[in-house]
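Trainee: For reference, the file input.cif (mmCIF, C-alpha atoms) is included below:
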```
data_structure
#
loop_
_atom_site.group_PDB
_atom_site.id
_atom_site.type_symbol
_atom_site.label_atom_id
_atom_site.label_comp_id
_atom_site.auth_asym_id
_atom_site.auth_seq_id
_atom_site.Cartn_x
_atom_site.Cartn_y
_atom_site.Cartn_z
ATOM 1 C CA MET A 1 100.369 90.222 66.578
ATOM 2 C CA ALA A 2 102.563 90.210 69.664
ATOM 3 C CA ALA A 3 101.132 91.453 72.944
ATOM 4 C CA ASP A 4 102.224 94.881 74.141
ATOM 5 C CA MET A 5 104.809 94.321 76.890
ATOM 6 C CA ARG A 6 105.802 97.936 77.602
ATOM 7 C CA PRO A 7 105.954 98.810 81.330
ATOM 8 C CA LEU A 8 102.690 99.802 82.992
ATOM 9 C CA ASP A 9 101.525 102.492 85.386
ATOM 10 C CA PRO A 10 100.964 100.214 88.441
ATOM 11 C CA ARG A 11 97.958 102.269 89.569
ATOM 12 C CA GLY A 12 96.047 101.010 86.493
ATOM 13 C CA PRO A 13 95.894 97.344 87.595
ATOM 14 C CA ARG A 14 95.009 98.428 91.161
ATOM 15 C CA PHE A 15 92.115 100.489 89.790
ATOM 16 C CA ALA A 16 91.045 97.604 87.544
ATOM 17 C CA ALA A 17 91.103 95.235 90.534
ATOM 18 C CA GLY A 18 88.829 97.654 92.405
ATOM 19 C CA VAL A 19 86.324 97.757 89.534
ATOM 20 C CA THR A 20 86.534 93.950 89.299
ATOM 21 C CA ALA A 21 85.800 93.627 93.030
ATOM 22 C CA VAL A 22 82.696 95.825 92.668
ATOM 23 C CA VAL A 23 81.478 93.797 89.670
ATOM 24 C CA LEU A 24 82.041 90.525 91.559
ATOM 25 C CA VAL A 25 80.099 91.807 94.590
ATOM 26 C CA LEU A 26 77.236 92.568 92.168
ATOM 27 C CA VAL A 27 77.527 89.043 90.712
ATOM 28 C CA LEU A 28 77.242 87.538 94.213
ATOM 29 C CA VAL A 29 74.323 89.803 95.165
ATOM 30 C CA THR A 30 72.324 89.351 91.941
ATOM 31 C CA GLY A 31 73.450 85.817 91.070
ATOM 32 C CA SER A 32 73.621 86.944 87.434
ATOM 33 C CA GLY A 33 75.450 84.503 85.173
ATOM 34 C CA TRP A 34 75.432 87.110 82.397
ATOM 35 C CA LEU A 35 77.286 89.617 84.548
ATOM 36 C CA ALA A 36 79.772 86.852 85.403
ATOM 37 C CA LEU A 37 80.142 86.264 81.670
ATOM 38 C CA ALA A 38 80.842 89.966 81.074
ATOM 39 C CA GLN A 39 83.586 89.885 83.732
ATOM 40 C CA THR A 40 84.984 86.692 82.165
ATOM 41 C CA LEU A 41 85.249 88.511 78.828
ATOM 42 C CA ALA A 42 87.001 91.459 80.502
ATOM 43 C CA PHE A 43 89.537 89.013 81.984
ATOM 44 C CA ALA A 44 89.902 87.320 78.577
ATOM 45 C CA VAL A 45 90.924 90.627 76.977
ATOM 46 C CA GLY A 46 93.300 91.334 79.889
ATOM 47 C CA SER A 47 94.844 87.871 79.545
ATOM 48 C CA TYR A 48 95.930 88.823 76.077
ATOM 49 C CA ASP A 49 96.742 92.502 76.435
ATOM 50 C CA VAL A 50 96.460 94.190 79.837
ATOM 51 C CA ARG A 51 96.393 97.622 78.174
ATOM 52 C CA ARG A 52 93.169 96.880 76.322
ATOM 53 C CA GLN A 53 91.431 95.385 79.361
ATOM 54 C CA PRO A 54 88.193 97.427 79.572
ATOM 55 C CA TYR A 55 88.868 98.694 83.120
ATOM 56 C CA ALA A 56 92.422 99.592 82.128
ATOM 57 C CA LEU A 57 90.988 101.697 79.272
ATOM 58 C CA LEU A 58 88.629 103.319 81.775
ATOM 59 C CA TYR A 59 91.638 104.119 83.964
ATOM 60 C CA ARG A 60 93.594 105.622 81.067
ATOM 61 C CA TRP A 61 90.705 107.723 79.797
ATOM 62 C CA LEU A 62 89.095 108.870 83.043
ATOM 63 C CA VAL A 63 91.496 108.510 85.977
ATOM 64 C CA GLN A 64 95.078 108.858 84.799
ATOM 65 C CA PRO A 65 94.610 112.351 83.269
ATOM 66 C CA ARG A 66 93.636 113.571 86.762
ATOM 67 C CA LEU A 67 96.713 112.053 88.420
ATOM 68 C CA GLY A 68 100.353 112.939 88.033
ATOM 69 C CA PRO A 69 102.756 110.673 86.163
ATOM 70 C CA PRO A 70 103.512 107.374 87.962
ATOM 71 C CA ALA A 71 106.468 107.278 90.386
ATOM 72 C CA GLU A 72 107.551 103.927 88.957
ATOM 73 C CA LEU A 73 106.517 101.514 86.260
ATOM 74 C CA GLU A 74 105.588 97.853 86.470
ATOM 75 C CA ASP A 75 106.223 94.786 84.337
ATOM 76 C CA PRO A 76 102.960 93.726 82.647
ATOM 77 C CA ALA A 77 103.759 89.954 82.812
ATOM 78 C CA PRO A 78 102.544 89.415 86.425
ATOM 79 C CA VAL A 79 99.428 91.464 85.739
ATOM 80 C CA ARG A 80 98.654 89.430 82.660
ATOM 81 C CA PHE A 81 99.162 86.206 84.609
ATOM 82 C CA ALA A 82 96.739 87.439 87.296
ATOM 83 C CA GLN A 83 94.174 88.225 84.578
ATOM 84 C CA ARG A 84 94.509 84.625 83.353
ATOM 85 C CA VAL A 85 93.918 83.279 86.851
ATOM 86 C CA GLY A 86 90.867 85.536 87.125
ATOM 87 C CA PHE A 87 89.656 84.329 83.750
ATOM 88 C CA VAL A 88 89.723 80.680 84.873
ATOM 89 C CA PHE A 89 87.790 81.418 88.080
ATOM 90 C CA LEU A 90 85.140 83.523 86.379
ATOM 91 C CA ALA A 91 84.765 81.086 83.468
ATOM 92 C CA VAL A 92 83.972 78.373 86.049
ATOM 93 C CA ALA A 93 81.593 80.773 87.844
ATOM 94 C CA THR A 94 79.785 81.633 84.597
ATOM 95 C CA VAL A 95 79.267 77.980 83.682
ATOM 96 C CA GLY A 96 78.064 77.330 87.233
ATOM 97 C CA TYR A 97 75.506 80.147 87.302
ATOM 98 C CA LEU A 98 74.221 79.632 83.763
ATOM 99 C CA SER A 99 73.894 75.833 84.102
ATOM 100 C CA GLY A 100 72.035 76.083 87.401
ATOM 101 C CA ALA A 101 74.949 74.799 89.527
ATOM 102 C CA THR A 102 74.669 77.945 91.645
ATOM 103 C CA ALA A 103 76.950 76.643 94.419
ATOM 104 C CA VAL A 104 79.791 76.347 91.898
ATOM 105 C CA GLY A 105 79.083 79.859 90.630
ATOM 106 C CA VAL A 106 79.021 81.339 94.127
ATOM 107 C CA THR A 107 82.232 79.556 95.224
ATOM 108 C CA ALA A 108 84.254 80.527 92.157
ATOM 109 C CA THR A 109 82.992 84.128 92.276
ATOM 110 C CA ALA A 110 83.790 84.383 96.003
ATOM 111 C CA LEU A 111 87.369 83.210 95.389
ATOM 112 C CA GLY A 112 87.701 85.696 92.525
ATOM 113 C CA LEU A 113 86.327 88.479 94.734
ATOM 114 C CA ALA A 114 88.790 87.683 97.543
ATOM 115 C CA ALA A 115 91.704 87.856 95.090
ATOM 116 C CA ALA A 116 90.498 91.076 93.404
ATOM 117 C CA PHE A 117 89.857 92.746 96.762
ATOM 118 C CA LEU A 118 93.290 91.785 98.144
ATOM 119 C CA ASN A 119 94.852 93.242 95.019
ATOM 120 C CA ALA A 120 92.847 96.483 95.139
ATOM 121 C CA ALA A 121 93.077 97.098 98.900
ATOM 122 C CA PHE A 122 96.512 95.708 99.784
ATOM 123 C CA GLY A 123 98.404 95.449 96.500
ATOM 124 C CA LEU A 124 98.682 91.695 97.039
ATOM 125 C CA CYS A 125 98.695 89.857 93.712
ATOM 126 C CA LEU A 126 97.452 86.404 94.679
ATOM 127 C CA GLY A 127 97.911 85.009 91.171
ATOM 128 C CA CYS A 128 101.557 86.089 91.254
ATOM 129 C CA GLU A 129 102.123 84.381 94.619
ATOM 130 C CA VAL A 130 100.525 81.156 93.445
ATOM 131 C CA TYR A 131 102.767 81.060 90.374
ATOM 132 C CA LEU A 132 105.765 79.728 92.309
ATOM 133 C CA LEU A 133 103.628 77.143 94.107
ATOM 134 C CA LEU A 134 102.464 75.849 90.727
ATOM 135 C CA ALA A 135 105.973 75.866 89.272
ATOM 136 C CA ARG A 136 107.306 73.900 92.257
ATOM 137 C CA ALA A 137 104.448 71.412 92.146
ATOM 138 C CA ARG A 138 105.052 70.834 88.451
ATOM 139 C CA THR A 139 108.756 70.076 88.847
ATOM 140 C CA ARG A 140 108.103 67.781 91.801
ATOM 141 C CA ARG A 141 105.817 65.687 89.635
ATOM 142 C CA THR A 142 108.412 65.232 86.929
ATOM 143 C CA ALA A 143 111.321 64.799 89.387
ATOM 144 C CA MET B 144 78.140 86.181 101.317
ATOM 145 C CA ALA B 145 79.968 89.109 99.717
ATOM 146 C CA VAL B 146 80.418 90.685 103.157
ATOM 147 C CA ALA B 147 81.878 87.448 104.592
ATOM 148 C CA VAL B 148 84.332 87.179 101.700
ATOM 149 C CA LEU B 149 85.449 90.794 102.073
ATOM 150 C CA ALA B 150 85.872 90.412 105.846
ATOM 151 C CA ALA B 151 87.952 87.244 105.480
ATOM 152 C CA ALA B 152 90.048 88.855 102.740
ATOM 153 C CA THR B 153 90.660 91.913 104.928
ATOM 154 C CA VAL B 154 91.973 89.745 107.775
ATOM 155 C CA ALA B 155 94.207 87.815 105.339
ATOM 156 C CA GLY B 156 95.410 91.083 103.806
ATOM 157 C CA VAL B 157 96.319 92.636 107.154
ATOM 158 C CA VAL B 158 98.245 89.520 108.225
ATOM 159 C CA TRP B 159 100.039 89.438 104.864
ATOM 160 C CA GLN B 160 100.875 93.129 104.999
ATOM 161 C CA ARG B 161 102.333 92.906 108.510
ATOM 162 C CA ARG B 162 104.674 90.120 107.416
ATOM 163 C CA GLN B 163 105.772 91.939 104.273
ATOM 164 C CA GLY B 164 109.408 92.909 104.286
ATOM 165 C CA ARG B 165 109.986 91.842 107.878
ATOM 166 C CA LEU B 166 113.334 90.126 108.328
ATOM 167 C CA ARG B 167 113.027 87.003 110.427
ATOM 168 C CA PRO B 168 115.954 85.061 111.874
ATOM 169 C CA VAL B 169 116.332 81.578 110.402
ATOM 170 C CA ALA B 170 115.930 79.212 113.342
ATOM 171 C CA ARG B 171 119.036 77.088 113.646
ATOM 172 C CA ALA B 172 121.459 79.446 111.970
ATOM 173 C CA VAL B 173 124.503 80.721 113.809
ATOM 174 C CA PRO B 174 126.502 83.165 111.677
ATOM 175 C CA ALA B 175 129.829 81.613 110.701
ATOM 176 C CA GLY B 176 131.211 85.141 110.633
ATOM 177 C CA SER B 177 134.352 85.141 108.575
ATOM 178 C CA GLY B 178 133.763 88.569 107.173
ATOM 179 C CA GLY B 179 131.422 87.975 104.256
ATOM 180 C CA ALA B 180 127.765 87.620 103.434
ATOM 181 C CA THR B 181 125.525 87.101 100.437
ATOM 182 C CA LEU B 182 122.121 88.576 99.732
ATOM 183 C CA LEU B 183 120.261 85.863 97.836
ATOM 184 C CA LEU B 184 117.004 86.838 96.134
ATOM 185 C CA PHE B 185 114.475 84.346 94.753
ATOM 186 C CA THR B 186 112.354 85.771 91.940
ATOM 187 C CA THR B 187 109.734 84.479 89.498
ATOM 188 C CA PRO B 188 108.777 85.761 86.044
ATOM 189 C CA THR B 189 105.451 87.012 87.463
ATOM 190 C CA CYS B 190 106.879 88.670 90.570
ATOM 191 C CA GLY B 191 105.541 92.205 90.825
ATOM 192 C CA ASN B 192 107.839 93.812 93.414
ATOM 193 C CA CYS B 193 111.062 91.817 92.884
ATOM 194 C CA HIS B 194 112.625 94.853 91.204
ATOM 195 C CA ALA B 195 112.183 96.828 94.436
ATOM 196 C CA VAL B 196 113.937 94.109 96.485
ATOM 197 C CA ARG B 197 116.687 93.912 93.864
ATOM 198 C CA ALA B 198 117.258 97.673 94.099
ATOM 199 C CA VAL B 199 117.471 97.744 97.910
ATOM 200 C CA SER B 200 119.680 94.613 97.989
ATOM 201 C CA GLU B 201 122.098 95.992 95.421
ATOM 202 C CA SER B 202 122.307 99.226 97.325
ATOM 203 C CA VAL B 203 123.043 97.379 100.610
ATOM 204 C CA ALA B 204 125.602 95.107 98.901
ATOM 205 C CA ALA B 205 127.370 98.208 97.611
ATOM 206 C CA ALA B 206 127.298 99.891 101.028
ATOM 207 C CA VAL B 207 128.419 97.018 103.296
ATOM 208 C CA PRO B 208 131.953 95.676 102.600
ATOM 209 C CA GLY B 209 132.267 91.952 101.842
ATOM 210 C CA VAL B 210 128.649 91.559 100.732
ATOM 211 C CA GLU B 211 127.551 90.352 97.338
ATOM 212 C CA PHE B 212 124.139 90.108 95.724
ATOM 213 C CA GLN B 213 122.831 87.027 93.897
ATOM 214 C CA GLU B 214 119.528 86.387 92.206
ATOM 215 C CA ILE B 215 117.839 83.078 91.390
ATOM 216 C CA ASP B 216 114.735 82.550 89.286
ATOM 217 C CA ALA B 217 112.908 79.987 91.432
ATOM 218 C CA THR B 218 111.088 78.571 88.423
ATOM 219 C CA VAL B 219 114.408 77.922 86.644
ATOM 220 C CA GLU B 220 116.147 76.450 89.705
ATOM 221 C CA PRO B 221 113.322 74.916 91.761
ATOM 222 C CA ASP B 222 115.795 72.703 93.637
ATOM 223 C CA ARG B 223 117.437 75.737 95.220
ATOM 224 C CA ALA B 224 113.977 77.049 96.149
ATOM 225 C CA ARG B 225 113.065 73.692 97.701
ATOM 226 C CA GLU B 226 116.347 73.522 99.604
ATOM 227 C CA LEU B 227 115.586 76.836 101.329
ATOM 228 C CA ASN B 228 111.834 76.216 101.542
ATOM 229 C CA VAL B 229 110.882 79.151 99.316
ATOM 230 C CA TRP B 230 107.214 79.287 98.370
ATOM 231 C CA ARG B 231 106.776 82.911 97.409
ATOM 232 C CA ALA B 232 108.611 85.563 95.486
ATOM 233 C CA PRO B 233 110.264 87.825 96.332
ATOM 234 C CA THR B 234 112.006 85.919 99.131
ATOM 235 C CA LEU B 235 115.336 87.355 100.217
ATOM 236 C CA PHE B 236 117.958 85.550 102.305
ATOM 237 C CA VAL B 237 120.961 86.902 104.100
ATOM 238 C CA LEU B 238 123.544 84.100 103.919
ATOM 239 C CA ASP B 239 126.671 83.998 106.054
ATOM 240 C CA ALA B 240 130.191 83.484 104.706
ATOM 241 C CA GLU B 241 129.580 79.725 104.488
ATOM 242 C CA GLY B 242 126.322 80.107 102.594
ATOM 243 C CA ALA B 243 124.045 79.221 105.512
ATOM 244 C CA PRO B 244 120.864 81.328 105.785
ATOM 245 C CA VAL B 245 120.794 83.719 108.749
ATOM 246 C CA TRP B 246 117.820 85.954 107.918
ATOM 247 C CA ARG B 247 114.901 85.704 105.527
ATOM 248 C CA ALA B 248 112.187 88.089 104.360
ATOM 249 C CA THR B 249 109.325 87.926 101.895
ATOM 250 C CA GLY B 250 108.321 91.192 100.305
ATOM 251 C CA VAL B 251 110.357 94.370 100.243
ATOM 252 C CA PRO B 252 112.521 94.895 103.349
ATOM 253 C CA ARG B 253 113.308 98.377 104.664
ATOM 254 C CA ARG B 254 116.838 99.368 103.783
ATOM 255 C CA ASP B 255 117.856 100.076 107.404
ATOM 256 C CA ASP B 256 116.575 96.682 108.545
ATOM 257 C CA LEU B 257 118.456 94.937 105.759
ATOM 258 C CA VAL B 258 121.682 96.796 106.531
ATOM 259 C CA ALA B 259 121.413 95.762 110.202
ATOM 260 C CA ALA B 260 120.678 92.127 109.332
ATOM 261 C CA THR B 261 123.513 92.046 106.788
ATOM 262 C CA ARG B 262 125.993 93.528 109.259
ATOM 263 C CA SER B 263 124.991 90.924 111.859
ATOM 264 C CA ALA B 264 125.728 88.171 109.312
ATOM 265 C CA VAL B 265 129.084 89.659 108.292
ATOM 266 C CA CYS B 266 130.519 90.540 111.624
ATOM 267 C CA CYS B 267 131.682 88.691 114.809
#
```
As a first step, turn the structure in this file into structure tokens.
Mentor:
Amino acid sequence: MAADMRPLDPRGPRFAAGVTAVVLVLVLVTGSGWLALAQTLAFAVGSYDVRRQPYALLYRWLVQPRLGPPAELEDPAPVRFAQRVGFVFLAVATVGYLSGATAVGVTATALGLAAAFLNAAFGLCLGCEVYLLLARARTRRTA
Amino acid sequence: MAVAVLAAATVAGVVWQRRQGRLRPVARAVPAGSGGATLLLFTTPTCGNCHAVRAVSESVAAAVPGVEFQEIDATVEPDRARELNVWRAPTLFVLDAEGAPVWRATGVPRRDDLVAATRSAVCC
């Protein structure tokens, strides 16, 4: 089954980033590896299909009906990439917290929180910015 | 901990936002000025606001005589990106008639600013 690549209402990912930031603050405050795992699963769904990401569903069911139609639409590919970056960070955080390597958990969660907050508050997609850095680094290695 | 992260991210976000879309002169460039210019946009497949830069660039290219718009996927042509020291997308250059960069901006520039920068690269 191919992923749904229709254009998105850009306010959905911003809302989802806000929810993510709140969840990650709770992870840092409580130190709960299970909450980190829940967020990792949310990212895993978003990495496959951003429309079925739990916070995106929340946006569509609860928030979007109260707003007008979006002024413009957005390509889902960058959003999906950002979800994958988030997935990697939170997977590391979950392993850290649950295995007792709390410092690893805290560091990875803090990085994830910074990225989610920048996205929610400023519309800065850190994962999207890093993409070119990675692509350039990769070609330098093979060059 | 959470507070420290949010504070640091806020500072980073404000700095980032202030730089967004601002056209900066490229240091050693002196416009060759033989009546033409190119708007050169570097994109990536994951770039969220490249379409907005494309729209404003195409509109400026249509409005200012002698200006054309070009787009490069930086992940397809990393050598061009390296040549012009591009690390982020969208990065937009205003090139003079000889292809030397005169202005650069990351993010979405304001149309008026881009028109002014483009005219300065075309004229003289």
Trainee: For the structure provided, state which residues fall under the PyMOL selection byres ((chain B) within 12 of (chain A)), and present them as a ChimeraX atom specification.
Mentor: /B:144-161,163,185-195,216-226,228-234,249-250
Trainee: Take CA of Thr30 in chain A and CA of Tyr97 in chain A and report the distance between them in Å, one decimal.
Mentor: 10.8 Å
Trainee: Starting from the shown file, work through the PyMOL selection byres ((chain B and resi 184) around 8) and note down what comes out as a PDB file with C-alpha atoms, in the frame of the given file.
Mentor:
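Okay, selection-v9.pdb is ready:
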```pdb
ATOM      1  CA  LEU B 182     122.121  88.576  99.732  1.00  0.00           C
ATOM      2  CA  LEU B 183     120.261  85.863  97.836  1.00  0.00           C
ATOM      3  CA  PHE B 185     114.475  84.346  94.753  1.00  0.00           C
ATOM      4  CA  THR B 186     112.354  85.771  91.940  1.00  0.00           C
ATOM      5  CA  VAL B 196     113.937  94.109  96.485  1.00  0.00           C
ATOM      6  CA  ARG B 197     116.687  93.912  93.864  1.00  0.00           C
ATOM      7  CA  PHE B 212     124.139  90.108  95.724  1.00  0.00           C
ATOM      8  CA  GLN B 213     122.831  87.027  93.897  1.00  0.00           C
ATOM      9  CA  GLU B 214     119.528  86.387  92.206  1.00  0.00           C
ATOM     10  CA  ILE B 215     117.839  83.078  91.390  1.00  0.00           C
ATOM     11  CA  PRO B 233     110.264  87.825  96.332  1.00  0.00           C
ATOM     12  CA  THR B 234     112.006  85.919  99.131  1.00  0.00           C
ATOM     13  CA  LEU B 235     115.336  87.355 100.217  1.00  0.00           C
ATOM     14  CA  PHE B 236     117.958  85.550 102.305  1.00  0.00           C
TER      15      PHE B 236
END
```
Trainee: I want to know what sits within 12 Å of Gly96 in chain A, based on all atoms listed in the file, with residues of the same chain fewer than 5 positions away left out; could you give that as a list in words?
Mentor: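 Close residues of Gly96 in chain A: Gly31, Ser32, Gly33, Trp34, Ala36, Leu37, Phe89, Leu90, Ala91, Ala101, Thr102, Ala103, Val104, Gly105, Val106, Thr107, Ala108 and Thr109 of chain A.
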Trainee: Please produce a file of the residues just selected, as an mmCIF file, keeping the file's coordinate frame, where the atoms kept are C-alpha atoms.
Mentor:
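Dumped everything to again-v6.cif:
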```cif
data_model
loop_
_atom_site.group_PDB
_atom_site.id
_atom_site.type_symbol
_atom_site.label_atom_id
_atom_site.label_comp_id
_atom_site.auth_asym_id
_atom_site.auth_seq_id
_atom_site.Cartn_x
_atom_site.Cartn_y
_atom_site.Cartn_z
ATOM 1 C CA GLY A 31 73.450 85.817 91.070
ATOM 2 C CA SER A 32 73.621 86.944 87.434
ATOM 3 C CA GLY A 33 75.450 84.503 85.173
ATOM 4 C CA TRP A 34 75.432 87.110 82.397
ATOM 5 C CA ALA A 36 79.772 86.852 85.403
ATOM 6 C CA LEU A 37 80.142 86.264 81.670
ATOM 7 C CA PHE A 89 87.790 81.418 88.080
ATOM 8 C CA LEU A 90 85.140 83.523 86.379
ATOM 9 C CA ALA A 91 84.765 81.086 83.468
ATOM 10 C CA ALA A 101 74.949 74.799 89.527
ATOM 11 C CA THR A 102 74.669 77.945 91.645
ATOM 12 C CA ALA A 103 76.950 76.643 94.419
ATOM 13 C CA VAL A 104 79.791 76.347 91.898
ATOM 14 C CA GLY A 105 79.083 79.859 90.630
ATOM 15 C CA VAL A 106 79.021 81.339 94.127
ATOM 16 C CA THR A 107 82.232 79.556 95.224
ATOM 17 C CA ALA A 108 84.254 80.527 92.157
ATOM 18 C CA THR A 109 82.992 84.128 92.276
#
```
Trainee: May I have the residues at most 12 Å from (132.9, 94.8, 104.6) in the file's coordinates, counting all atoms listed in the file, as a ChimeraX atom specification?
Mentor: /B:176-181,203-211,240,258,261-267
Trainee: Here is a test: counting all atoms listed in the file, which residue of B:Leu227, B:Val237, B:Val199, B:Val169 is nearest to Val251 in chain B?
Mentor: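 Ranked by minimum distance to Val251 in chain B, first place goes to B:Val199.
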Trainee: One decimal, Å: what's the distance from CA of Arg11 in chain A over to CA of Trp61 in chain A, could you say?
Mentor: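 Distance reported for this atom pair: 13.3 Å.
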Trainee: Around the point (87.7, 91.0, 85.1) in the file's coordinates, collect all residues with an atom within 10 Å, using all atoms listed in the file, and return them as a VMD selection string.
Mentor: chain A and resid 16 to 21 23 to 24 36 to 47 53 to 55 82 to 84 86 to 87 90 112 116
Trainee: CA of Ala198 in chain B and CA of Pro244 in chain B are how many Å apart?
Mentor: 20.4 Å
Trainee: Taking into account only C-alpha atoms, which residue in the set A:Leu98, A:Pro13, A:Asp4, A:Asp49 is nearest to Gln64 in chain A?
Mentor: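 Smallest separation from Gln64 in chain A among the options: A:Pro13.
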Trainee: Centre and edge lengths of an axis-aligned box around all listed atoms of range 105-122 of chain A, with 3 Å added on each side, are to be given in Å to one decimal, as lines of an AutoDock Vina configuration file.
Mentor:
```
center_x = 87.8
center_y = 88.3
center_z = 95.2
size_x = 23.5
size_y = 23.5
size_z = 15.2
```
